[in-house]
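One file, coords.cif, is given below (mmCIF, C-alpha atoms).
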data_model
#
loop_
_atom_site.label_atom_id
_atom_site.label_comp_id
_atom_site.auth_asym_id
_atom_site.auth_seq_id
_atom_site.Cartn_x
_atom_site.Cartn_y
_atom_site.Cartn_z
CA MET C 8 26.56 -38.24 148.45
CA PRO C 9 29.65 -36.39 149.74
CA ARG C 10 29.06 -33.80 152.44
CA LEU C 11 29.69 -30.11 152.16
CA ARG C 12 32.80 -28.69 153.85
CA ARG C 13 33.37 -25.20 155.15
CA ASP C 14 36.96 -25.31 153.97
CA HIS C 15 35.87 -25.96 150.40
CA VAL C 16 33.31 -23.61 148.86
CA PRO C 17 33.74 -23.70 145.08
CA ALA C 18 33.43 -20.45 143.13
CA LEU C 19 30.80 -21.87 140.76
CA TYR C 20 27.33 -23.01 141.84
CA ALA C 21 25.25 -24.18 138.88
CA VAL C 22 21.47 -24.10 138.95
CA ALA C 23 19.91 -26.79 136.74
CA ASP C 24 16.50 -25.25 136.09
CA ALA C 25 13.58 -27.31 134.78
CA ASP C 26 11.86 -24.28 133.24
CA LEU C 27 14.88 -23.59 131.03
CA LEU C 28 16.14 -27.13 130.40
CA GLY C 29 12.99 -29.21 130.63
CA LEU C 30 12.30 -31.45 133.62
CA ASP C 31 13.27 -34.68 131.90
CA ARG C 32 16.61 -33.23 130.85
CA LEU C 33 17.74 -32.39 134.40
CA PRO C 34 19.54 -35.73 135.12
CA ALA C 35 21.55 -35.50 131.89
CA ALA C 36 22.26 -31.83 132.63
CA VAL C 37 23.59 -32.73 136.08
CA ALA C 38 25.92 -35.29 134.50
CA GLU C 39 27.09 -32.78 131.87
CA ILE C 40 27.69 -29.99 134.40
CA ALA C 41 29.52 -32.37 136.74
CA ARG C 42 31.77 -33.59 133.89
CA CYS C 43 32.85 -29.98 133.42
CA GLY C 44 34.09 -29.91 137.02
CA ILE C 45 31.36 -27.84 138.67
CA GLU C 46 30.81 -29.40 142.09
CA TRP C 47 27.76 -27.59 143.49
CA ILE C 48 24.61 -28.16 141.45
CA GLN C 49 21.14 -27.10 142.52
CA LEU C 50 18.03 -28.84 141.21
CA ARG C 51 15.31 -26.25 140.58
CA ALA C 52 11.93 -27.53 139.48
CA LYS C 53 9.32 -25.20 140.94
CA HIS C 54 6.39 -26.49 138.91
CA ALA C 55 7.06 -30.26 138.92
CA GLU C 56 4.55 -32.76 140.29
CA ASP C 57 5.81 -34.79 143.25
CA ASP C 58 6.11 -38.11 141.42
CA ASP C 59 7.93 -36.50 138.48
CA LEU C 60 10.28 -34.66 140.80
CA ALA C 61 11.09 -37.84 142.75
CA ARG C 62 11.90 -39.67 139.52
CA VAL C 63 14.17 -36.88 138.30
CA VAL C 64 16.03 -36.61 141.61
CA GLU C 65 16.68 -40.35 141.64
CA GLN C 66 18.01 -40.19 138.09
CA ALA C 67 20.13 -37.14 138.92
CA LEU C 68 21.69 -38.97 141.85
CA GLU C 69 22.61 -41.83 139.54
CA ALA C 70 24.00 -39.41 136.96
CA ALA C 71 26.05 -37.31 139.37
CA SER C 72 29.76 -38.05 139.38
CA ALA C 73 31.94 -38.48 142.45
CA GLY C 74 32.47 -35.17 144.19
CA THR C 75 29.20 -33.64 142.98
CA MET C 76 27.09 -32.07 145.71
CA LEU C 77 23.42 -31.73 144.85
CA TRP C 78 21.30 -29.02 146.39
CA MET C 79 17.50 -29.09 146.36
CA ASN C 80 15.60 -25.87 145.78
CA ASP C 81 12.68 -25.24 148.18
CA ARG C 82 11.76 -28.85 148.96
CA ALA C 83 12.97 -29.91 152.40
CA ASP C 84 10.98 -33.15 152.12
CA VAL C 85 12.80 -34.17 148.94
CA ALA C 86 16.21 -33.23 150.36
CA ALA C 87 15.46 -35.30 153.47
CA LEU C 88 14.09 -38.28 151.54
CA TYR C 89 17.19 -38.63 149.37
CA GLY C 90 19.80 -37.48 151.90
CA LEU C 91 20.96 -34.56 149.75
CA PRO C 92 23.84 -32.51 151.15
CA GLY C 93 22.21 -29.12 150.55
CA LEU C 94 18.80 -27.41 150.68
CA HIS C 95 18.16 -23.89 149.42
CA LEU C 96 15.28 -21.91 150.91
CA GLY C 97 13.70 -18.65 149.80
CA GLN C 98 12.18 -16.10 152.12
CA GLU C 99 8.70 -17.55 151.50
CA ASP C 100 9.71 -21.19 151.95
CA LEU C 101 9.81 -23.29 155.10
CA PRO C 102 11.68 -21.49 157.93
CA PRO C 103 15.22 -22.83 158.42
CA GLY C 104 14.44 -24.21 161.88
CA ALA C 105 11.51 -26.24 160.58
CA ALA C 106 13.55 -27.41 157.60
CA ARG C 107 16.35 -28.53 159.91
CA ALA C 108 13.94 -30.84 161.69
CA ALA C 109 13.28 -32.52 158.35
CA VAL C 110 16.75 -32.70 156.80
CA GLY C 111 18.89 -33.34 159.89
CA GLU C 112 22.20 -31.91 160.95
CA SER C 113 24.33 -33.17 158.05
CA CYS C 114 22.44 -31.20 155.38
CA TRP C 115 23.50 -27.60 154.77
CA ILE C 116 20.74 -25.03 154.56
CA GLY C 117 21.10 -22.02 152.29
CA ARG C 118 18.85 -18.99 152.72
CA SER C 119 18.00 -16.36 150.10
CA THR C 120 18.21 -12.76 151.32
CA HIS C 121 17.42 -9.54 149.51
CA ASP C 122 18.60 -6.79 151.83
CA LEU C 123 20.97 -6.25 154.75
CA ALA C 124 18.28 -6.81 157.37
CA GLN C 125 17.61 -10.27 155.96
CA VAL C 126 21.36 -10.93 155.76
CA ALA C 127 21.68 -10.04 159.46
CA ALA C 128 18.79 -12.36 160.36
CA ALA C 129 20.32 -15.24 158.40
CA ALA C 130 23.73 -14.55 159.91
CA ALA C 131 22.23 -14.82 163.40
CA ASP C 132 20.21 -17.97 162.62
CA PRO C 133 22.17 -21.06 163.73
CA GLU C 134 20.25 -23.22 161.24
CA VAL C 135 21.46 -21.23 158.22
CA ASP C 136 24.79 -22.45 156.85
CA VAL C 137 24.99 -20.43 153.63
CA ILE C 138 23.61 -16.95 152.86
CA ALA C 139 22.59 -16.06 149.31
CA LEU C 140 22.14 -12.38 148.46
CA GLY C 141 20.50 -10.93 145.40
CA PRO C 142 19.55 -10.17 142.83
CA VAL C 143 22.97 -8.61 142.41
CA PHE C 144 22.07 -7.71 138.81
CA PRO C 145 18.77 -7.63 136.91
CA THR C 146 17.50 -11.13 136.17
CA ARG C 147 15.05 -12.54 133.64
CA HIS C 148 14.69 -15.95 135.27
CA LYS C 149 12.62 -15.20 138.34
CA GLU C 150 8.99 -14.22 138.66
CA ASN C 151 8.54 -10.88 140.47
CA PRO C 152 12.24 -10.34 141.28
CA ASP C 153 13.29 -8.29 144.29
CA PRO C 154 15.13 -4.96 143.86
CA VAL C 155 18.71 -5.22 142.62
CA VAL C 156 21.29 -4.95 145.44
CA GLY C 157 24.34 -4.40 143.23
CA LEU C 158 27.97 -5.07 144.00
CA GLU C 159 27.94 -2.57 146.86
CA GLY C 160 25.19 -4.55 148.57
CA LEU C 161 27.31 -7.65 148.16
CA ARG C 162 30.31 -5.92 149.74
CA ARG C 163 28.23 -4.84 152.72
CA ALA C 164 26.85 -8.35 153.14
CA ARG C 165 30.39 -9.73 153.09
CA ALA C 166 31.32 -7.38 155.92
CA ALA C 167 28.23 -8.45 157.89
CA THR C 168 28.79 -12.22 158.07
CA PRO C 169 31.58 -14.83 158.10
CA LYS C 170 29.19 -17.45 156.69
CA PRO C 171 29.68 -18.57 153.07
CA LEU C 172 28.12 -15.94 150.79
CA VAL C 173 26.45 -16.73 147.46
CA ALA C 174 25.80 -14.08 144.82
CA ILE C 175 22.48 -14.71 143.08
CA GLY C 176 20.60 -13.02 140.28
CA GLY C 177 21.92 -11.99 136.88
CA VAL C 178 25.44 -13.37 137.38
CA SER C 179 27.06 -14.03 133.99
CA GLU C 180 30.45 -14.55 132.36
CA ALA C 181 30.86 -10.82 132.04
CA ASN C 182 30.37 -10.03 135.74
CA LEU C 183 31.36 -13.27 137.50
CA LEU C 184 34.78 -12.01 138.53
CA ASP C 185 33.24 -8.78 139.76
CA VAL C 186 30.98 -10.60 142.24
CA LEU C 187 33.84 -12.76 143.48
CA ALA C 188 36.00 -9.67 143.91
CA ALA C 189 33.16 -8.01 145.85
CA GLY C 190 33.31 -10.78 148.44
CA ALA C 191 31.06 -13.60 147.28
CA ASP C 192 32.48 -17.05 148.02
CA THR C 193 30.51 -18.54 145.16
CA ALA C 194 28.13 -17.43 142.42
CA ALA C 195 24.83 -19.10 141.57
CA LEU C 196 24.65 -19.38 137.78
CA LEU C 197 21.33 -20.11 136.14
CA GLY C 198 20.99 -18.55 132.69
CA ALA C 199 24.79 -18.47 132.28
CA VAL C 200 24.72 -22.28 132.49
CA CYS C 201 21.31 -23.32 131.17
CA VAL C 202 20.84 -21.06 128.14
CA GLY C 203 22.65 -22.46 125.12
CA ASP C 204 25.32 -25.16 125.08
CA LEU C 205 25.70 -26.51 128.63
CA THR C 206 29.18 -27.90 128.19
CA ALA C 207 30.51 -24.84 126.39
CA ASN C 208 28.99 -22.56 129.01
CA CYS C 209 30.46 -24.51 131.92
CA ASP C 210 33.86 -24.82 130.27
CA ARG C 211 34.06 -21.06 129.75
CA LEU C 212 33.03 -20.35 133.33
CA ARG C 213 35.57 -22.82 134.69
CA ALA C 214 38.32 -21.40 132.47
CA LEU C 215 37.43 -17.89 133.61
CA VAL C 216 37.81 -18.75 137.29
CA SER C 217 40.90 -20.89 136.74
CA ALA C 218 42.71 -18.29 134.66
CA HIS C 219 41.94 -15.53 137.12
CA ALA C 220 42.91 -17.50 140.18
CA GLY C 221 46.02 -19.10 138.78
CA GLY C 222 47.38 -16.33 136.60
CA GLY C 223 47.34 -18.57 133.53
CA GLY C 224 45.95 -17.71 130.14
CA SER C 225 46.74 -14.82 127.87
CA ILE C 226 47.44 -11.24 128.90
CA TYR C 227 45.29 -8.62 127.19
CA LEU C 228 46.47 -5.01 127.23
CA THR C 229 43.83 -2.36 126.73
CA GLY C 230 43.54 1.37 127.25
CA PHE C 231 42.71 4.50 125.31
CA MET C 232 44.35 5.21 121.96
CA GLY C 233 47.87 6.47 122.51
CA ALA C 234 48.33 4.44 125.71
CA GLY C 235 51.24 2.50 124.21
CA LYS C 236 49.60 -0.93 124.18
CA THR C 237 51.62 -2.24 121.24
CA ALA C 238 54.99 -0.97 122.48
CA VAL C 239 54.39 -2.19 126.02
CA GLY C 240 52.95 -5.47 124.76
CA ARG C 241 56.03 -6.29 122.67
CA ARG C 242 58.33 -5.66 125.63
CA LEU C 243 56.12 -7.56 128.06
CA ALA C 244 56.01 -10.57 125.73
CA ALA C 245 59.80 -10.50 125.48
CA ARG C 246 60.15 -10.35 129.28
CA LEU C 247 57.76 -13.28 129.77
CA GLY C 248 58.98 -15.36 126.83
CA LEU C 249 55.53 -15.34 125.25
CA PRO C 250 54.33 -14.69 121.70
CA PHE C 251 52.92 -11.24 120.94
CA LEU C 252 49.82 -10.40 118.89
CA ASP C 253 48.57 -6.97 117.86
CA LEU C 254 44.80 -7.27 117.37
CA ASP C 255 44.57 -4.33 114.95
CA HIS C 256 47.24 -5.91 112.75
CA GLU C 257 45.28 -9.19 112.78
CA ILE C 258 42.14 -7.36 111.66
CA GLU C 259 44.00 -5.57 108.87
CA ALA C 260 45.58 -8.80 107.66
CA GLY C 261 42.26 -10.61 107.63
CA ALA C 262 40.33 -7.85 105.90
CA GLY C 263 43.08 -6.77 103.50
CA ARG C 264 42.40 -3.16 104.52
CA SER C 265 43.95 -0.67 106.92
CA ILE C 266 42.00 0.34 110.03
CA PRO C 267 41.26 3.84 108.63
CA ASP C 268 40.06 2.29 105.36
CA LEU C 269 37.79 -0.13 107.24
CA PHE C 270 36.22 2.72 109.19
CA ARG C 271 35.77 4.79 106.03
CA GLU C 272 34.44 2.01 103.81
CA ARG C 273 32.42 -0.10 106.24
CA GLY C 274 31.80 2.05 109.30
CA GLU C 275 32.54 1.54 112.98
CA ASP C 276 29.88 -1.14 113.59
CA ALA C 277 31.38 -3.38 110.92
CA PHE C 278 34.86 -2.79 112.32
CA ARG C 279 33.70 -3.75 115.84
CA ALA C 280 32.26 -6.99 114.48
CA LEU C 281 35.62 -7.82 112.86
CA GLU C 282 37.35 -6.88 116.09
CA SER C 283 35.18 -9.29 118.10
CA GLU C 284 35.90 -12.09 115.61
CA ALA C 285 39.65 -11.46 115.79
CA LEU C 286 39.52 -11.36 119.58
CA ALA C 287 37.66 -14.68 119.75
CA ALA C 288 40.30 -16.24 117.50
CA ALA C 289 43.10 -14.79 119.65
CA SER C 290 41.49 -16.19 122.81
CA ARG C 291 41.85 -19.72 121.42
CA ARG C 292 45.62 -19.44 121.01
CA PRO C 293 48.12 -20.72 123.55
CA ARG C 294 49.13 -18.13 126.15
CA THR C 295 49.89 -14.87 124.35
CA VAL C 296 50.36 -11.18 125.10
CA VAL C 297 47.64 -9.40 123.11
CA ALA C 298 47.53 -5.65 122.42
CA THR C 299 43.87 -4.80 121.84
CA GLY C 300 42.17 -1.73 120.42
CA GLY C 301 41.08 0.96 122.84
CA GLY C 302 37.40 0.36 122.12
CA VAL C 303 37.39 -3.41 122.52
CA VAL C 304 35.98 -3.14 126.05
CA GLU C 305 32.87 -1.31 124.84
CA ARG C 306 31.30 -4.66 123.99
CA GLU C 307 30.65 -6.51 127.24
CA SER C 308 30.93 -9.82 125.40
CA ASN C 309 34.52 -8.95 124.45
CA LEU C 310 35.37 -8.37 128.08
CA GLY C 311 33.89 -11.78 128.89
CA VAL C 312 36.01 -13.45 126.19
CA MET C 313 39.19 -11.87 127.51
CA ARG C 314 38.49 -12.60 131.15
CA SER C 315 37.53 -16.19 130.38
CA SER C 316 40.88 -16.83 128.69
CA GLY C 317 43.31 -14.70 130.68
CA ARG C 318 43.87 -11.38 132.46
CA VAL C 319 42.87 -7.93 131.20
CA VAL C 320 45.27 -5.08 131.99
CA TRP C 321 44.28 -1.42 131.63
CA LEU C 322 47.15 0.93 130.80
CA ASP C 323 45.77 4.06 132.46
CA VAL C 324 47.69 6.98 130.97
CA PRO C 325 46.79 10.56 132.02
CA PHE C 326 44.51 12.14 129.45
CA ALA C 327 46.84 15.12 128.92
CA THR C 328 49.64 12.73 127.96
CA LEU C 329 47.33 10.84 125.61
CA VAL C 330 46.34 14.03 123.80
CA GLU C 331 49.98 15.05 123.36
CA ARG C 332 50.76 11.68 121.80
CA LEU C 333 47.65 11.71 119.61
CA ALA C 334 48.35 15.21 118.33
CA ARG C 335 51.80 14.06 117.21
CA GLY C 336 50.48 11.01 115.37
CA ARG C 337 46.95 11.46 114.02
CA GLU C 338 47.55 9.13 111.08
CA GLY C 339 45.93 5.77 111.50
CA ARG C 340 43.55 6.93 114.27
CA PRO C 341 40.11 7.33 112.68
CA LEU C 342 38.39 8.05 116.00
CA PHE C 343 40.59 11.02 116.92
CA ARG C 344 39.34 14.36 115.62
CA ASN C 345 40.18 16.92 118.28
CA PRO C 346 40.93 17.03 122.05
CA GLU C 347 37.36 17.85 123.05
CA GLN C 348 35.90 14.93 121.10
CA ALA C 349 38.67 12.65 122.40
CA ARG C 350 37.88 13.59 126.02
CA ARG C 351 34.21 12.71 125.55
CA LEU C 352 35.16 9.35 124.07
CA TYR C 353 37.74 8.74 126.80
CA GLU C 354 35.26 9.49 129.59
CA SER C 355 32.59 7.29 127.99
CA ARG C 356 34.97 4.30 128.23
CA LEU C 357 36.20 4.75 131.79
CA ALA C 358 33.50 2.54 133.34
CA ALA C 359 34.42 -0.31 130.96
CA TYR C 360 38.14 0.10 131.64
CA GLY C 361 37.33 -0.08 135.34
CA LYS C 362 36.17 -3.69 134.86
CA CYS C 363 39.64 -4.85 133.85
CA ASP C 364 41.53 -7.21 136.15
CA LEU C 365 44.46 -4.85 136.69
CA ARG C 366 44.93 -1.10 136.37
CA ILE C 367 48.43 0.17 135.70
CA ALA C 368 48.66 3.91 136.39
CA VAL C 369 51.28 4.99 133.85
CA GLU C 370 53.24 8.04 134.93
CA PRO C 371 54.05 10.72 132.30
CA GLY C 372 57.49 10.07 130.90
CA SER C 373 57.48 6.34 131.71
CA SER C 374 59.13 4.29 128.99
CA ALA C 375 57.55 1.20 127.45
CA ASP C 376 60.23 -0.91 129.14
CA GLU C 377 59.42 0.57 132.55
CA THR C 378 55.70 0.06 132.06
CA ALA C 379 56.17 -3.53 130.89
CA ALA C 380 58.21 -4.24 134.02
CA ARG C 381 55.41 -2.81 136.18
CA VAL C 382 52.82 -4.94 134.40
CA GLU C 383 54.92 -8.04 134.93
CA ARG C 384 55.40 -7.25 138.61
CA GLN C 385 51.76 -6.49 139.32
CA LEU C 386 50.56 -9.59 137.47
CA ALA C 387 52.87 -11.69 139.62
CA GLU C 388 51.76 -9.97 142.83
CA SER C 389 48.06 -10.37 141.98
CA CYS C 390 48.58 -14.11 141.54
CA GLY C 391 50.61 -14.48 144.72
CA THR C 392 53.72 -15.60 142.86
#
Would you write the structure of this file as C-alpha cells?
Amino acid sequence: MPRLRRDHVPALYAVADADLLGLDRLPAAVAEIARCGIEWIQLRAKHAEDDDLARVVEQALEAASAGTMLWMNDRADVAALYGLPGLHLGQEDLPPGAARAAVGESCWIGRSTHDLAQVAAAAADPEVDVIALGPVFPTRHKENPDPVVGLEGLRRARAATPKPLVAIGGVSEANLLDVLAAGADTAALLGAVCVGDLTANCDRLRALVSAHAGGGGSIYLTGFMGAGKTAVGRRLAARLGLPFLDLDHEIEAGAGRSIPDLFRERGEDAFRALESEALAAASRRPRTVVATGGGVVERESNLGVMRSSGRVVWLDVPFATLVERLARGREGRPLFRNPEQARRLYESRLAAYGKCDLRIAVEPGSSADETAARVERQLAESCGT
C-alpha cells in the first residue's frame, strides 16, 4: 500500500465500522468509499474474531484502489501482519512505543486523546504521528464516550501541537467545516459515512470540502428579514455573470400561494418543509446566486445542504436598520409583528447565522450595489483568488 505523507493529510478520514455496516460488508464499503475519492479509510471491527478479521482485511486490501491508505483500529498485530500504512490506538490500547515495535517505522501511529493533558503527552511522544482529539460533539457510536471537548478544545489542541490533528466524535456534514476551521487537519467520519447510502454520503462530504476550499458551487445569501438578500443577490449575480434565484419566489411558484397565504393556511412548519424542498432543488442547479429566507438556517440540515454545494454568506445588518426597513414594508412578512417580537426572533437566530461561511457587516446606508461588491471581494479573498 502507499505510505502516508506529512505533506498530504486529506480533510476526510472515513471510518468503515463493522457494527454499523456489518463485518462482511467492509471490503465492499472500502471500495465504495475509495471510489468517491476519500483516501484515508480506517477499518473498525472491535468485536470480530481473529480469523474473520484477517479475511476481511485481506479482502479490503484487494478492494482498495490506488492511493487508498488503510488504517487499522486497535490491532497492531493486524497492521503489522498486512503492512498497513496506519494504526489507530485508543488510550486503553497498546502503548505507542510497544505498537511501534510491532508495526515498524513505516507505519503511522495515531493516538486518541480526550483532553489537553493527553494531547500534550501525545505531542511529546516520538512514536505518535497523528493526534486525534474528541469527542468534539456528542456521539452515538461509541460505548461510554468521554466528555465532549467542543470546538474550543480543538482550537487549544491545535495551538499545542504541530502534529497532524484529527477531529473525532460526532463530526457530520453540518459541522465538518467548523472543525476544519477550528484547526483540525482532517475529520474522522463514522456515522456521517456509514449510516445510509455510502456513496451519496461520501459524495456530499467531498463536495462540501471541495466547494469550500475552491470557492466553487453556488452562493447562498442569508440574513434576517429586511437584510436586502434579494436586492444584493440580483446585483451580485450580475457582477459574477451567474443566474439568480429567489428561494421564496420558487416556493410561491411551486405552491401556487404567496408566502403570507402559506403561513396562514398551512402554518410555519409546513412552510419550512417546502422551504427545505426548494433549497434541495436549488442545490442541484449549476452554480447560482441564491437569496434564501431569513429562517432557512434554523434547520441544521439546510445549512448542511448549502455548505455542501457552495458558500453561505450572512448579510449582517444592524438590528435598528432592519426594524426601520420592516416598519416601512410589513406586507409580505408574516413573521414580523412588532419590534420587540422581531428582536427576540433575531437573537434566536444569531447562533445559526454565525455558522455561515462569511459574515458581511453591512453598514447603515450601504446600497445593494456596494454590498454586492463587498460580498464579491470577500468571497475572492477567502478563496485566495
Proximity to C:Pro169 - best of C:Ala195, C:Asp136, C:Asp185, C:Lys236, only C-alpha atoms: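 Among the listed residues, the smallest separation from C:Pro169 belongs to C:Asp136.
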Explicit residue set for the PyMOL selection byres ((chain C and resi 291) around 12), as a ChimeraX atom specification: /C:211,214,224-225,284-290,292-295,297,312-313,315-317
One-decimal distance in Å that lies between atom CA of C:Pro346 and atom CA of C:Val382: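 These two atoms are separated by 27.9 Å.
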On this file, the PyMOL selection byres ((chain C and resi 36-53) around 6) gives some set of residues; write that set as a PDB file with C-alpha atoms, in the frame of the given file.
ATOM      1  CA  TYR C  20      27.330 -23.010 141.840  1.00  0.00           C
ATOM      2  CA  ALA C  21      25.250 -24.180 138.880  1.00  0.00           C
ATOM      3  CA  VAL C  22      21.470 -24.100 138.950  1.00  0.00           C
ATOM      4  CA  ALA C  23      19.910 -26.790 136.740  1.00  0.00           C
ATOM      5  CA  ASP C  24      16.500 -25.250 136.090  1.00  0.00           C
ATOM      6  CA  ALA C  25      13.580 -27.310 134.780  1.00  0.00           C
ATOM      7  CA  LEU C  33      17.740 -32.390 134.400  1.00  0.00           C
ATOM      8  CA  PRO C  34      19.540 -35.730 135.120  1.00  0.00           C
ATOM      9  CA  ALA C  35      21.550 -35.500 131.890  1.00  0.00           C
ATOM     10  CA  HIS C  54       6.390 -26.490 138.910  1.00  0.00           C
ATOM     11  CA  ALA C  55       7.060 -30.260 138.920  1.00  0.00           C
ATOM     12  CA  ALA C  70      24.000 -39.410 136.960  1.00  0.00           C
ATOM     13  CA  ALA C  71      26.050 -37.310 139.370  1.00  0.00           C
ATOM     14  CA  THR C  75      29.200 -33.640 142.980  1.00  0.00           C
ATOM     15  CA  MET C  76      27.090 -32.070 145.710  1.00  0.00           C
ATOM     16  CA  LEU C  77      23.420 -31.730 144.850  1.00  0.00           C
ATOM     17  CA  TRP C  78      21.300 -29.020 146.390  1.00  0.00           C
ATOM     18  CA  MET C  79      17.500 -29.090 146.360  1.00  0.00           C
ATOM     19  CA  ASN C  80      15.600 -25.870 145.780  1.00  0.00           C
TER      20      ASN C  80
END
Which of C:Arg118, C:Arg366, C:His256, C:Arg271 sits closest to C:Lys170 [using all atoms listed in the file]: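 Going through C:Arg118, C:Arg366, C:His256, C:Arg271 one by one, the smallest distance to C:Lys170 is for C:Arg118.
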Within 9 Å of C:Val126 using all atoms listed in the file, minus same-chain residues under 5 positions, as a PyMOL selection string: chain C and resi 118-121+131+138-140+164+167-168
Residues selected by the PyMOL selection byres ((chain C and resi 176) around 8), written as a list of chain:residue names: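 When the PyMOL selection byres ((chain C and resi 176) around 8) is applied to the shown file, the picked residues are C:Gly141, C:Pro142, C:Val143, C:Phe144, C:Pro145, C:Thr146, C:Ala174, C:Ile175, C:Gly177, C:Val178, C:Ala195, C:Leu196.
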Nearest to C:Gly248, chosen from C:Glu383, C:Arg82, C:Ala129, C:Glu180, with all atoms listed in the file counted in the distances: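 Result for the nearest residue to C:Gly248: C:Glu383.
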For atom CA of C:Ala87 and atom CA of C:Arg107, the interatomic separation in Å (one decimal):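 Separation between atom CA of C:Ala87 and atom CA of C:Arg107: 9.4 Å.
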Distance of atom CA of C:Ala262 from atom CA of C:Gly274, expressed in Å to one decimal place: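 Taking atom CA of C:Gly274 as the start and atom CA of C:Ala262 as the end point, the length is 13.5 Å.
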Point (30.9, -4.4, 150.8) neighbourhood (12 Å, all atoms listed in the file) written as a count of residues only: 21
Distance criterion (only C-alpha atoms): nearest to C:Leu183 out of C:Leu249, C:Leu19, C:Ala238, C:Leu352: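 Smallest distance to C:Leu183 is found for C:Leu19.
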Point (51.0, -7.6, 124.8) neighbourhood (9 Å, all atoms listed in the file) written as a PyMOL selection string: chain C and resi 225-228+236-244+249-253+295-299+379
Top pick for closest residue to C:Asp59, considering C:Leu30, C:Cys363, C:Pro103, C:Asp153 and counting all atoms listed in the file: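 Comparing C:Leu30, C:Cys363, C:Pro103, C:Asp153 against C:Asp59, the winner is C:Leu30.
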Residue nearest C:Trp115 among C:Ala73, C:Pro171, C:Arg32, C:Gly361 (counting all atoms listed in the file):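 Answer, going by the shortest atom-to-atom distance: C:Pro171.
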